[in-house]
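Peer 1: mmCIF, C-alpha atoms, saved as input27.cif, coming up:
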data_input
loop_
_atom_site.label_atom_id
_atom_site.label_comp_id
_atom_site.auth_asym_id
_atom_site.auth_seq_id
_atom_site.Cartn_x
_atom_site.Cartn_y
_atom_site.Cartn_z
CA MET A 277 -36.89 9.82 1.06
CA PRO A 278 -33.14 10.45 1.09
CA GLU A 279 -31.20 9.67 4.24
CA ARG A 280 -30.34 12.82 6.23
CA ARG A 281 -26.80 13.72 7.36
CA THR A 282 -25.16 17.03 8.17
CA ALA A 283 -22.02 16.36 6.16
CA VAL A 284 -20.89 13.94 3.45
CA VAL A 285 -17.22 13.41 2.66
CA SER A 286 -16.35 11.67 -0.60
CA GLY A 287 -13.04 9.84 -0.37
CA ALA A 288 -11.43 7.76 2.41
CA GLY A 289 -7.88 8.86 1.75
CA PRO A 290 -5.82 10.87 4.23
CA VAL A 291 -7.58 14.15 3.38
CA GLY A 292 -11.13 12.84 3.63
CA LEU A 293 -10.48 10.86 6.79
CA THR A 294 -8.75 13.81 8.47
CA LEU A 295 -11.68 16.07 7.61
CA ALA A 296 -14.31 13.57 8.72
CA LEU A 297 -12.61 12.85 12.04
CA GLN A 298 -12.53 16.53 12.94
CA LEU A 299 -16.19 16.99 12.07
CA ALA A 300 -17.28 13.97 14.13
CA ARG A 301 -15.22 15.06 17.13
CA ALA A 302 -16.82 18.50 16.93
CA GLY A 303 -20.32 17.02 17.09
CA ILE A 304 -21.15 17.06 13.38
CA ASP A 305 -22.57 13.82 11.98
CA VAL A 306 -20.71 12.74 8.85
CA THR A 307 -20.76 9.91 6.31
CA VAL A 308 -17.67 9.05 4.28
CA LEU A 309 -18.31 7.51 0.85
CA GLU A 310 -15.41 5.58 -0.67
CA LEU A 311 -15.35 4.01 -4.15
CA ARG A 312 -12.71 1.43 -3.13
CA ASP A 313 -13.35 -1.51 -0.82
CA THR A 314 -10.89 -0.14 1.77
CA VAL A 315 -9.38 3.16 2.83
CA ASN A 316 -6.74 4.35 0.39
CA LEU A 317 -3.83 1.92 0.82
CA THR A 318 -1.80 3.13 -2.16
CA SER A 319 1.82 3.87 -1.26
CA LYS A 320 2.27 7.50 -2.21
CA ALA A 321 3.72 10.43 -0.29
CA SER A 322 5.62 9.71 2.91
CA THR A 323 6.99 13.11 4.00
CA PHE A 324 5.20 15.12 6.68
CA HIS A 325 6.34 18.70 7.18
CA ALA A 326 6.40 20.75 10.36
CA ALA A 327 3.29 22.78 9.52
CA THR A 328 1.33 19.58 8.99
CA LEU A 329 2.63 17.97 12.17
CA ASP A 330 1.49 21.04 14.12
CA LEU A 331 -2.02 20.49 12.77
CA LEU A 332 -2.05 16.71 13.21
CA ASP A 333 -0.95 17.21 16.80
CA THR A 334 -4.41 18.62 17.53
CA LEU A 335 -5.81 15.17 16.71
CA GLY A 336 -3.58 13.48 19.29
CA ILE A 337 -1.89 11.14 16.81
CA ILE A 338 1.72 12.34 16.78
CA PRO A 339 2.97 9.68 19.26
CA GLN A 340 1.68 6.89 17.00
CA MET A 341 3.21 8.54 13.94
CA LEU A 342 6.58 9.01 15.61
CA ALA A 343 6.61 5.41 16.80
CA ARG A 344 6.16 4.10 13.27
CA GLY A 345 7.98 6.81 11.36
CA THR A 346 11.49 8.17 10.97
CA ARG A 347 12.40 11.60 12.27
CA VAL A 348 14.72 13.55 9.97
CA ASP A 349 16.62 16.47 11.49
CA HIS A 350 18.91 17.39 8.57
CA VAL A 351 18.84 17.58 4.79
CA GLN A 352 22.16 16.88 3.14
CA TYR A 353 23.50 17.72 -0.31
CA ARG A 354 26.69 15.88 -1.23
CA ALA A 355 28.87 15.11 -4.19
CA ALA A 356 29.21 11.61 -5.56
CA ASN A 357 32.75 11.49 -4.17
CA GLY A 358 31.39 11.92 -0.63
CA ASP A 359 32.09 15.63 -0.14
CA ILE A 360 29.29 17.33 1.81
CA LEU A 361 28.24 20.41 -0.15
CA ALA A 362 25.50 21.66 2.17
CA ARG A 363 23.74 20.43 5.31
CA LEU A 364 20.50 22.06 6.45
CA ASP A 365 19.50 21.75 10.11
CA PHE A 366 15.79 21.92 10.91
CA GLU A 367 16.70 23.19 14.36
CA ALA A 368 16.57 26.62 12.68
CA LEU A 369 12.76 26.22 12.88
CA ARG A 370 12.80 26.05 16.68
CA GLY A 371 10.27 28.56 18.03
CA LYS A 372 8.29 28.61 14.77
CA THR A 373 6.82 25.13 15.15
CA GLY A 374 6.45 22.44 17.75
CA PHE A 375 8.10 19.98 15.38
CA PRO A 376 11.39 21.28 13.95
CA PHE A 377 11.99 18.24 11.76
CA ARG A 378 10.47 16.21 8.94
CA LEU A 379 8.77 12.90 9.55
CA HIS A 380 8.98 10.04 7.07
CA TYR A 381 5.79 8.07 7.62
CA GLU A 382 3.85 6.06 5.07
CA GLN A 383 0.57 7.57 3.93
CA ILE A 384 -1.08 4.15 4.19
CA HIS A 385 -0.26 4.02 7.91
CA LEU A 386 -1.94 7.39 8.43
CA CYS A 387 -5.06 6.15 6.66
CA GLY A 388 -5.21 3.04 8.83
CA LEU A 389 -4.73 5.10 11.98
CA LEU A 390 -7.44 7.59 11.04
CA GLU A 391 -9.87 4.84 10.04
CA GLY A 392 -9.51 3.26 13.47
CA LEU A 393 -10.15 6.57 15.22
CA LEU A 394 -13.13 7.31 13.02
CA ALA A 395 -14.65 3.92 13.84
CA ASP A 396 -14.77 5.01 17.48
CA GLU A 397 -16.83 8.09 16.66
CA PRO A 398 -20.59 7.45 16.99
CA LEU A 399 -21.39 10.37 14.67
CA ALA A 400 -19.30 9.00 11.77
CA ASP A 401 -19.51 6.08 9.39
CA ILE A 402 -17.58 4.93 6.31
CA ARG A 403 -19.33 3.24 3.40
CA PHE A 404 -17.05 1.38 1.02
CA LEU A 405 -17.75 0.50 -2.61
CA SER A 406 -19.84 3.68 -2.67
CA GLY A 407 -18.86 6.18 -5.31
CA VAL A 408 -20.56 9.54 -5.76
CA THR A 409 -22.44 9.77 -9.07
CA THR A 410 -24.73 12.80 -8.78
CA VAL A 411 -24.79 16.09 -6.91
CA ALA A 412 -27.88 18.31 -6.79
CA GLU A 413 -27.93 21.48 -4.69
CA ASP A 414 -30.80 23.79 -3.78
CA ALA A 415 -31.31 26.58 -1.29
CA ASP A 416 -31.72 24.21 1.65
CA GLY A 417 -29.06 21.58 1.08
CA VAL A 418 -27.33 19.19 -1.29
CA THR A 419 -28.50 15.75 -2.40
CA VAL A 420 -25.66 13.30 -3.00
CA GLY A 421 -26.33 10.26 -5.15
CA TYR A 422 -24.05 7.23 -4.91
CA GLU A 423 -23.92 3.68 -6.20
CA HIS A 424 -23.58 0.70 -3.88
CA ALA A 425 -24.15 -2.99 -4.63
CA GLY A 426 -25.80 -2.17 -7.93
CA LYS A 427 -28.34 0.19 -6.40
CA THR A 428 -28.62 3.98 -6.30
CA HIS A 429 -28.84 5.68 -2.91
CA GLU A 430 -29.22 9.30 -1.85
CA ILE A 431 -28.11 11.33 1.14
CA ARG A 432 -29.43 14.78 1.91
CA ALA A 433 -26.79 16.93 3.60
CA ASP A 434 -25.88 20.47 4.52
CA TYR A 435 -22.36 20.13 3.08
CA LEU A 436 -20.52 17.88 0.64
CA PHE A 437 -16.73 17.67 0.64
CA GLY A 438 -15.02 16.19 -2.41
CA CYS A 439 -11.78 14.65 -1.13
CA ASP A 440 -11.81 11.88 -3.71
CA GLY A 441 -8.54 12.38 -5.53
CA GLY A 442 -7.37 13.42 -8.95
CA LEU A 443 -10.25 11.59 -10.65
CA SER A 444 -12.79 13.14 -8.26
CA GLY A 445 -16.34 11.93 -8.77
CA VAL A 446 -17.64 15.01 -6.97
CA ARG A 447 -15.71 17.34 -9.25
CA ALA A 448 -16.99 15.47 -12.31
CA ALA A 449 -20.60 15.42 -11.07
CA CYS A 450 -20.44 19.17 -10.52
CA GLY A 451 -18.93 19.79 -13.97
CA ILE A 452 -15.86 21.54 -12.58
CA GLY A 453 -13.06 21.57 -15.12
CA PHE A 454 -9.32 21.70 -14.53
CA GLU A 455 -6.04 22.81 -16.04
CA GLU A 456 -3.55 19.99 -16.51
CA LYS A 457 -0.13 19.27 -17.92
CA PRO A 458 2.27 16.35 -17.41
CA TYR A 459 5.70 16.73 -15.91
CA PRO A 460 8.30 15.25 -18.25
CA GLY A 461 9.66 11.77 -17.66
CA MET A 462 8.91 9.57 -14.66
CA VAL A 463 10.42 8.47 -11.38
CA VAL A 464 11.67 5.07 -10.22
CA ARG A 465 11.48 4.25 -6.53
CA LEU A 466 13.85 1.58 -5.30
CA TYR A 467 13.47 0.02 -1.86
CA THR A 468 16.52 -1.52 -0.22
CA ASP A 469 17.13 -3.26 3.08
CA LEU A 470 20.79 -2.28 2.87
CA THR A 471 21.82 0.07 5.67
CA LEU A 472 22.91 2.82 3.32
CA PRO A 473 25.18 4.65 5.80
CA GLU A 474 27.41 1.57 5.68
CA ALA A 475 27.91 2.12 1.96
CA LEU A 476 27.74 5.93 2.15
CA PRO A 477 29.11 6.99 5.54
CA GLY A 478 27.72 10.21 6.98
CA ILE A 479 24.51 10.50 4.96
CA ASP A 480 21.39 11.96 6.56
CA GLY A 481 17.77 10.82 6.46
CA ILE A 482 17.23 13.00 3.39
CA THR A 483 20.28 13.11 1.16
CA TYR A 484 20.62 14.39 -2.39
CA ILE A 485 23.72 13.14 -4.20
CA TYR A 486 24.99 15.18 -7.14
CA ASN A 487 27.36 14.56 -10.00
CA GLY A 488 27.30 17.66 -12.16
CA ASP A 489 23.72 18.21 -13.25
CA ASP A 490 22.73 14.66 -12.36
CA SER A 491 21.32 13.68 -8.97
CA VAL A 492 19.58 10.97 -6.97
CA SER A 493 17.58 11.21 -3.72
CA LEU A 494 17.88 8.98 -0.65
CA LEU A 495 15.14 8.79 2.01
CA LYS A 496 15.36 6.82 5.23
CA MET A 497 12.11 5.06 6.10
CA HIS A 498 11.16 3.10 9.19
CA ASP A 499 12.03 -0.28 7.66
CA CYS A 500 14.05 0.49 4.55
CA TRP A 501 15.73 3.16 2.46
CA ARG A 502 14.11 4.63 -0.64
CA ILE A 503 16.23 5.63 -3.61
CA ILE A 504 14.51 8.05 -5.98
CA VAL A 505 15.80 7.99 -9.56
CA ARG A 506 14.54 10.42 -12.17
CA VAL A 507 13.89 8.92 -15.59
CA PRO A 508 14.18 11.15 -18.68
CA GLU A 509 11.59 11.25 -21.43
CA GLY A 510 11.92 8.54 -24.06
CA VAL A 511 12.71 5.72 -21.62
CA SER A 512 9.96 3.11 -21.28
CA GLU A 513 8.72 1.91 -17.91
CA GLY A 514 10.04 -1.59 -18.54
CA GLU A 515 13.49 -0.30 -19.40
CA ALA A 516 13.56 2.06 -16.40
CA LEU A 517 12.82 -0.83 -14.05
CA SER A 518 15.52 -3.10 -15.46
CA ASP A 519 18.73 -3.80 -13.54
CA ALA A 520 20.81 -2.90 -16.58
CA TRP A 521 19.30 0.55 -17.03
CA LEU A 522 19.32 1.34 -13.30
CA ARG A 523 22.95 0.31 -12.92
CA ALA A 524 23.98 2.48 -15.85
CA ARG A 525 21.85 5.37 -14.58
CA MET A 526 23.25 5.32 -11.03
CA ARG A 527 26.83 4.14 -11.50
CA ASP A 528 28.31 7.65 -11.31
CA LEU A 529 26.24 8.50 -8.23
CA LEU A 530 26.02 5.46 -5.96
CA PRO A 531 27.85 2.19 -5.18
CA VAL A 532 25.49 0.17 -7.37
CA ASP A 533 27.29 -3.15 -6.79
CA ASP A 534 26.45 -2.88 -3.09
CA ILE A 535 22.92 -1.61 -3.56
CA MET A 536 21.37 -3.52 -6.46
CA PRO A 537 21.64 -7.01 -4.90
CA ARG A 538 19.80 -5.66 -1.85
CA VAL A 539 16.88 -4.03 -3.70
CA THR A 540 13.66 -5.47 -2.26
CA GLY A 541 11.18 -3.67 -4.49
CA ARG A 542 10.81 -1.12 -7.24
CA ASP A 543 8.05 0.84 -8.91
CA THR A 544 7.50 3.87 -11.11
CA TYR A 545 5.19 6.83 -11.11
CA ALA A 546 4.62 9.88 -13.25
CA ALA A 547 3.57 13.26 -11.93
CA ARG A 548 1.05 15.68 -13.37
CA LEU A 549 0.21 19.28 -12.64
CA ARG A 550 -3.50 19.79 -12.17
CA LEU A 551 -5.49 22.69 -10.77
CA ALA A 552 -9.28 22.67 -10.64
CA ASP A 553 -11.09 25.66 -12.13
CA ALA A 554 -12.80 26.15 -8.77
CA ALA A 555 -12.67 24.65 -5.28
CA THR A 556 -16.39 25.21 -4.71
CA HIS A 557 -19.66 24.50 -6.50
CA GLY A 558 -22.73 26.47 -5.54
CA ARG A 559 -22.72 27.24 -1.83
CA ARG A 560 -22.51 23.79 -0.25
CA VAL A 561 -19.97 21.73 -2.23
CA PHE A 562 -16.24 22.05 -1.51
CA LEU A 563 -13.20 20.29 -2.95
CA ALA A 564 -9.97 19.48 -1.12
CA GLY A 565 -6.66 17.74 -1.71
CA ASP A 566 -5.98 16.07 -5.05
CA ALA A 567 -9.48 16.95 -6.25
CA VAL A 568 -8.26 20.58 -6.34
CA HIS A 569 -4.50 20.33 -6.87
CA LEU A 570 -1.88 17.90 -8.07
CA THR A 571 1.80 18.78 -8.27
CA ASN A 572 5.12 17.06 -8.69
CA THR A 573 5.92 14.75 -5.81
CA ARG A 574 9.32 15.99 -4.64
CA GLY A 575 9.05 16.73 -0.93
CA GLY A 576 5.49 15.41 -0.64
CA MET A 577 4.05 18.92 -0.47
CA ASN A 578 0.83 18.08 -2.31
CA LEU A 579 -0.31 15.60 0.36
CA ASN A 580 0.62 18.05 3.10
CA ALA A 581 -1.33 20.84 1.41
CA GLY A 582 -4.31 18.49 1.09
CA LEU A 583 -4.23 17.87 4.83
CA HIS A 584 -4.10 21.63 5.36
CA ASP A 585 -7.21 21.87 3.17
CA ALA A 586 -8.92 19.33 5.42
CA PHE A 587 -8.18 21.33 8.56
CA ALA A 588 -9.29 24.60 6.95
CA LEU A 589 -12.61 23.18 5.77
CA ALA A 590 -13.30 21.32 9.02
CA ARG A 591 -12.75 24.42 11.10
CA ALA A 592 -14.86 26.44 8.67
CA ALA A 593 -17.69 23.87 8.85
CA ILE A 594 -17.65 24.09 12.63
CA ALA A 595 -17.78 27.88 12.43
CA ALA A 596 -20.57 27.68 9.84
CA LYS A 597 -22.66 25.52 12.16
CA GLU A 598 -22.06 27.83 15.11
CA GLN A 599 -22.84 30.98 13.10
CA GLY A 600 -25.69 29.62 11.00
CA SER A 601 -23.87 30.88 7.89
CA LEU A 602 -22.11 29.25 4.94
CA GLU A 603 -19.69 32.15 4.59
CA PRO A 604 -16.83 30.61 6.65
CA LEU A 605 -16.73 27.62 4.29
CA ALA A 606 -16.62 29.74 1.15
CA THR A 607 -13.89 31.93 2.63
CA ALA A 608 -11.76 28.95 3.64
CA ALA A 609 -12.19 27.16 0.31
CA HIS A 610 -11.18 30.24 -1.66
CA ALA A 611 -8.16 30.80 0.60
CA ARG A 612 -6.98 27.22 0.05
CA GLU A 613 -7.48 27.60 -3.70
CA ARG A 614 -5.24 30.67 -3.63
CA VAL A 615 -2.58 28.78 -1.68
CA ALA A 616 -2.58 25.99 -4.25
CA ARG A 617 -2.35 28.34 -7.21
CA ASP A 618 -0.03 31.03 -5.86
CA VAL A 619 2.23 29.18 -3.40
CA LEU A 620 2.05 25.38 -3.64
CA ILE A 621 2.43 24.94 -7.39
CA PRO A 622 5.17 27.56 -7.89
CA ARG A 623 7.15 26.17 -4.96
CA THR A 624 6.92 22.53 -6.00
CA ASP A 625 7.91 23.53 -9.52
CA GLN A 626 10.94 25.28 -8.03
CA ASN A 627 11.81 22.32 -5.81
CA VAL A 628 11.78 19.84 -8.68
CA LYS A 629 14.58 21.71 -10.38
CA THR A 630 17.93 19.96 -10.09
CA GLY A 631 21.36 20.50 -11.55
CA ARG A 632 24.28 22.68 -10.65
CA ALA A 633 22.37 25.97 -10.74
CA ARG A 634 19.82 24.79 -8.16
CA LEU A 635 22.56 23.28 -6.01
CA ALA A 636 24.47 26.56 -6.08
CA GLU A 637 21.36 28.39 -4.82
CA ILE A 638 21.06 25.96 -1.91
CA ILE A 639 24.74 26.29 -0.99
CA GLU A 640 24.54 30.09 -1.11
CA THR A 641 21.44 30.04 1.11
CA THR A 642 23.23 28.09 3.82
CA GLN A 643 25.84 30.86 4.15
CA ASP A 644 23.28 33.28 5.62
CA PRO A 645 21.47 32.11 8.81
CA ALA A 646 18.48 34.40 8.21
CA ARG A 647 18.04 33.23 4.62
CA LEU A 648 18.45 29.63 5.70
CA ALA A 649 15.80 29.94 8.41
CA ASP A 650 13.41 31.52 5.90
CA PHE A 651 14.15 28.83 3.31
CA LEU A 652 13.53 26.03 5.81
CA ALA A 653 10.29 27.67 7.00
CA ARG A 654 9.04 27.73 3.43
CA GLN A 655 10.13 24.14 2.85
CA ALA A 656 8.27 23.25 6.07
CA MET A 657 5.17 24.90 4.52
CA LEU A 658 4.70 27.23 7.48
CA ASP A 659 3.57 29.96 5.08
CA MET A 660 0.87 27.79 3.46
CA LEU A 661 -1.64 27.84 6.30
CA ASP A 662 -3.94 30.53 4.89
CA GLY A 663 -7.56 29.77 5.70
CA ILE A 664 -6.79 27.73 8.84
CA ALA A 665 -7.96 29.22 12.12
CA PRO A 666 -5.54 28.84 15.02
CA ALA A 667 -7.99 27.22 17.45
CA LYS A 668 -7.72 23.51 18.08
CA ILE A 669 -10.59 21.24 17.08
CA THR A 670 -11.62 19.00 19.94
CA ALA A 671 -14.98 17.61 20.93
CA ALA A 672 -16.55 19.23 23.95
CA ALA A 673 -16.43 15.88 25.69
CA GLN A 674 -12.66 15.75 25.27
CA GLU A 675 -11.96 19.22 26.64
#
Would you mind writing the file's structure down as structure tokens?

Peer 2:
Amino acid sequence: MPERRTAVVSGAGPVGLTLALQLARAGIDVTVLELRDTVNLTSKASTFHAATLDLLDTLGIIPQMLARGTRVDHVQYRAANGDILARLDFEALRGKTGFPFRLHYEQIHLCGLLEGLLADEPLADIRFLSGVTTVAEDADGVTVGYEHAGKTHEIRADYLFGCDGGLSGVRAACGIGFEEKPYPGMVVRLYTDLTLPEALPGIDGITYIYNGDDSVSLLKMHDCWRIIVRVPEGVSEGEALSDAWLRARMRDLLPVDDIMPRVTGRDTYAARLRLADAATHGRRVFLAGDAVHLTNTRGGMNLNAGLHDAFALARAAIAAKEQGSLEPLATAAHARERVARDVLIPRTDQNVKTGRARLAEIIETTQDPARLADFLARQAMLDMLDGIAPAKITAAAQE
């Protein structure tokens, strides 16, 4: 006989762990299945927007995040000669959010934090090296098959949540297709222990430096600075990581002679656009995060939207249990699918644009306080919360 659980979450990344923690705290027993041997420790997105911080605050984890992260109050656009072209102040969001700033905080730290909290929940467990292989739904529930230690196991559940990334095993098992296209080129991330304001006085925690249509991004992290360099098509990964290519690429933008000797690490990544054909399968299977949507990485919006998915589905699952109906889950999943298709992807495609035309738009926006406040609210993703009920999720024992 299959093991019985109310909910199964596939994927122990930030989205799956956030969803599972909320369910367990609300009195719903949940098992997390993870193909890896640990929670997701891949260094990926590191920007958390105001809308997401408002949601994460309901979990009581903001103090830990602030202690290990970097608060960013301004976004700066400047010319390579040091002239400040535009400076955006997140204080314009005051009154619209409890967190009028961005937080730079490594995704891997969030996963570790959530794993520790989940371990304290008696209604939750995480099973590593356990990847979903089969999904079979009927009128009364869903049977989830997974492989562990060379053996096949089954769990019978009321709900299955596929939060298992761009290569989602749940999505594949359900036969859900997706639309996909690559973004051109790739990105190099450089990590430096150089205190960049010494070399570039007056920069902010997020600074975009422009020289004509060319640009580079600087992000202040807790223990280093990240330099984001866009690599055009036709350049190999090996070439893009070489000192010679990087020096030539950045010499008209940054003081490379100061920076390159202090580079402590470098890597590359390529972005893809992907949107699943559906965020649901049958009446009891729901996808979230990268399993539904992938976008370009500028601004980290895809991770933030995935966390929004987790809150929407968790709150819907709690409502479904209370009402004895699956309708709240279907409604929330479809709302999040609309957000991904109609808001998230168009906005991230707009944000990835660089060059003088995009810079001119930003500069013009800063001249009008109302337009600037609206622009910052959209960049903070405050308009992407469709499908998320306003009530906090807390266990009855914690209230």

Peer 1: Please evaluate the PyMOL selection byres ((chain A and resi 375-390) around 7) against the structure above and give the resulting residues as a tab-separated table (two decimals) with C-alpha atoms, in the coordinates of the input.

Peer 2:
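Now in result_36.tsv:
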chain	number	residue	atom	x	y	z
A	289	GLY	CA	-7.88	8.86	1.75
A	290	PRO	CA	-5.82	10.87	4.23
A	293	LEU	CA	-10.48	10.86	6.79
A	294	THR	CA	-8.75	13.81	8.47
A	315	VAL	CA	-9.38	3.16	2.83
A	316	ASN	CA	-6.74	4.35	0.39
A	317	LEU	CA	-3.83	1.92	0.82
A	318	THR	CA	-1.80	3.13	-2.16
A	319	SER	CA	1.82	3.87	-1.26
A	320	LYS	CA	2.27	7.50	-2.21
A	321	ALA	CA	3.72	10.43	-0.29
A	322	SER	CA	5.62	9.71	2.91
A	323	THR	CA	6.99	13.11	4.00
A	324	PHE	CA	5.20	15.12	6.68
A	325	HIS	CA	6.34	18.70	7.18
A	326	ALA	CA	6.40	20.75	10.36
A	329	LEU	CA	2.63	17.97	12.17
A	330	ASP	CA	1.49	21.04	14.12
A	341	MET	CA	3.21	8.54	13.94
A	344	ARG	CA	6.16	4.10	13.27
A	345	GLY	CA	7.98	6.81	11.36
A	346	THR	CA	11.49	8.17	10.97
A	347	ARG	CA	12.40	11.60	12.27
A	348	VAL	CA	14.72	13.55	9.97
A	349	ASP	CA	16.62	16.47	11.49
A	366	PHE	CA	15.79	21.92	10.91
A	367	GLU	CA	16.70	23.19	14.36
A	369	LEU	CA	12.76	26.22	12.88
A	370	ARG	CA	12.80	26.05	16.68
A	373	THR	CA	6.82	25.13	15.15
A	374	GLY	CA	6.45	22.44	17.75
A	391	GLU	CA	-9.87	4.84	10.04
A	392	GLY	CA	-9.51	3.26	13.47
A	393	LEU	CA	-10.15	6.57	15.22
A	394	LEU	CA	-13.13	7.31	13.02
A	497	MET	CA	12.11	5.06	6.10

Peer 1: Return the padded bounding box of segment 341-344 of chain A as JSON: axis-aligned, built from all atoms listed in the file, 5 Å added on each side, with centre and edge lengths in Å to one decimal.

Peer 2:
{"center_x": 4.9, "center_y": 6.6, "center_z": 15.0, "size_x": 13.4, "size_y": 14.9, "size_z": 13.5}

Peer 1: Using all atoms listed in the file, which protein or nucleic acid residues come within 10 Å of Ala448 of chain A? Drop anything in the same chain fewer than 5 positions from it, and give the result as a PyMOL selection string.

Peer 2: chain A and resi 408-411+443+453+567

Peer 1: Between A:Thr571, A:Thr334, A:Ser286, A:Thr544, single out the one closest to Thr307 of chain A, counting all atoms listed in the file.

Peer 2: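 For Thr307 of chain A, the nearest of the candidates is A:Ser286.
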
Peer 1: Residues picked by the PyMOL selection byres ((chain A and resi 463) around 7) here, as a PyMOL selection string?

Peer 2: chain A and resi 462+464-465+504-507+544-546

Peer 1: As an exercise, work out the distance from atom CA of Leu570 of chain A to atom CA of Phe437 of chain A in Å and give it to one decimal place.

Peer 2: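 According to the coordinates, atom CA of Leu570 of chain A and atom CA of Phe437 of chain A are separated by 17.2 Å.
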
Peer 1: Can you translate the PyMOL selection byres ((chain A and resi 585) around 8) into the concrete residues it hits in this file, as JSON, numbers by chain?

Peer 2: {"A": [291, 564, 565, 581, 582, 583, 584, 586, 587, 588, 589, 609, 612]}

Peer 1: Give me, as a ChimeraX atom specification, all polymer residues having an atom no more than 7 Å from segment 625-639 of chain A, counting only C-alpha atoms and skipping those fewer than 6 positions away in the same chain.

Peer 2: /A:361-362,488-490,574

Peer 1: Please report the interatomic distance between atom CA of Thr282 of chain A and atom CA of Val420 of chain A in Å with one decimal.

Peer 2: 11.8 Å
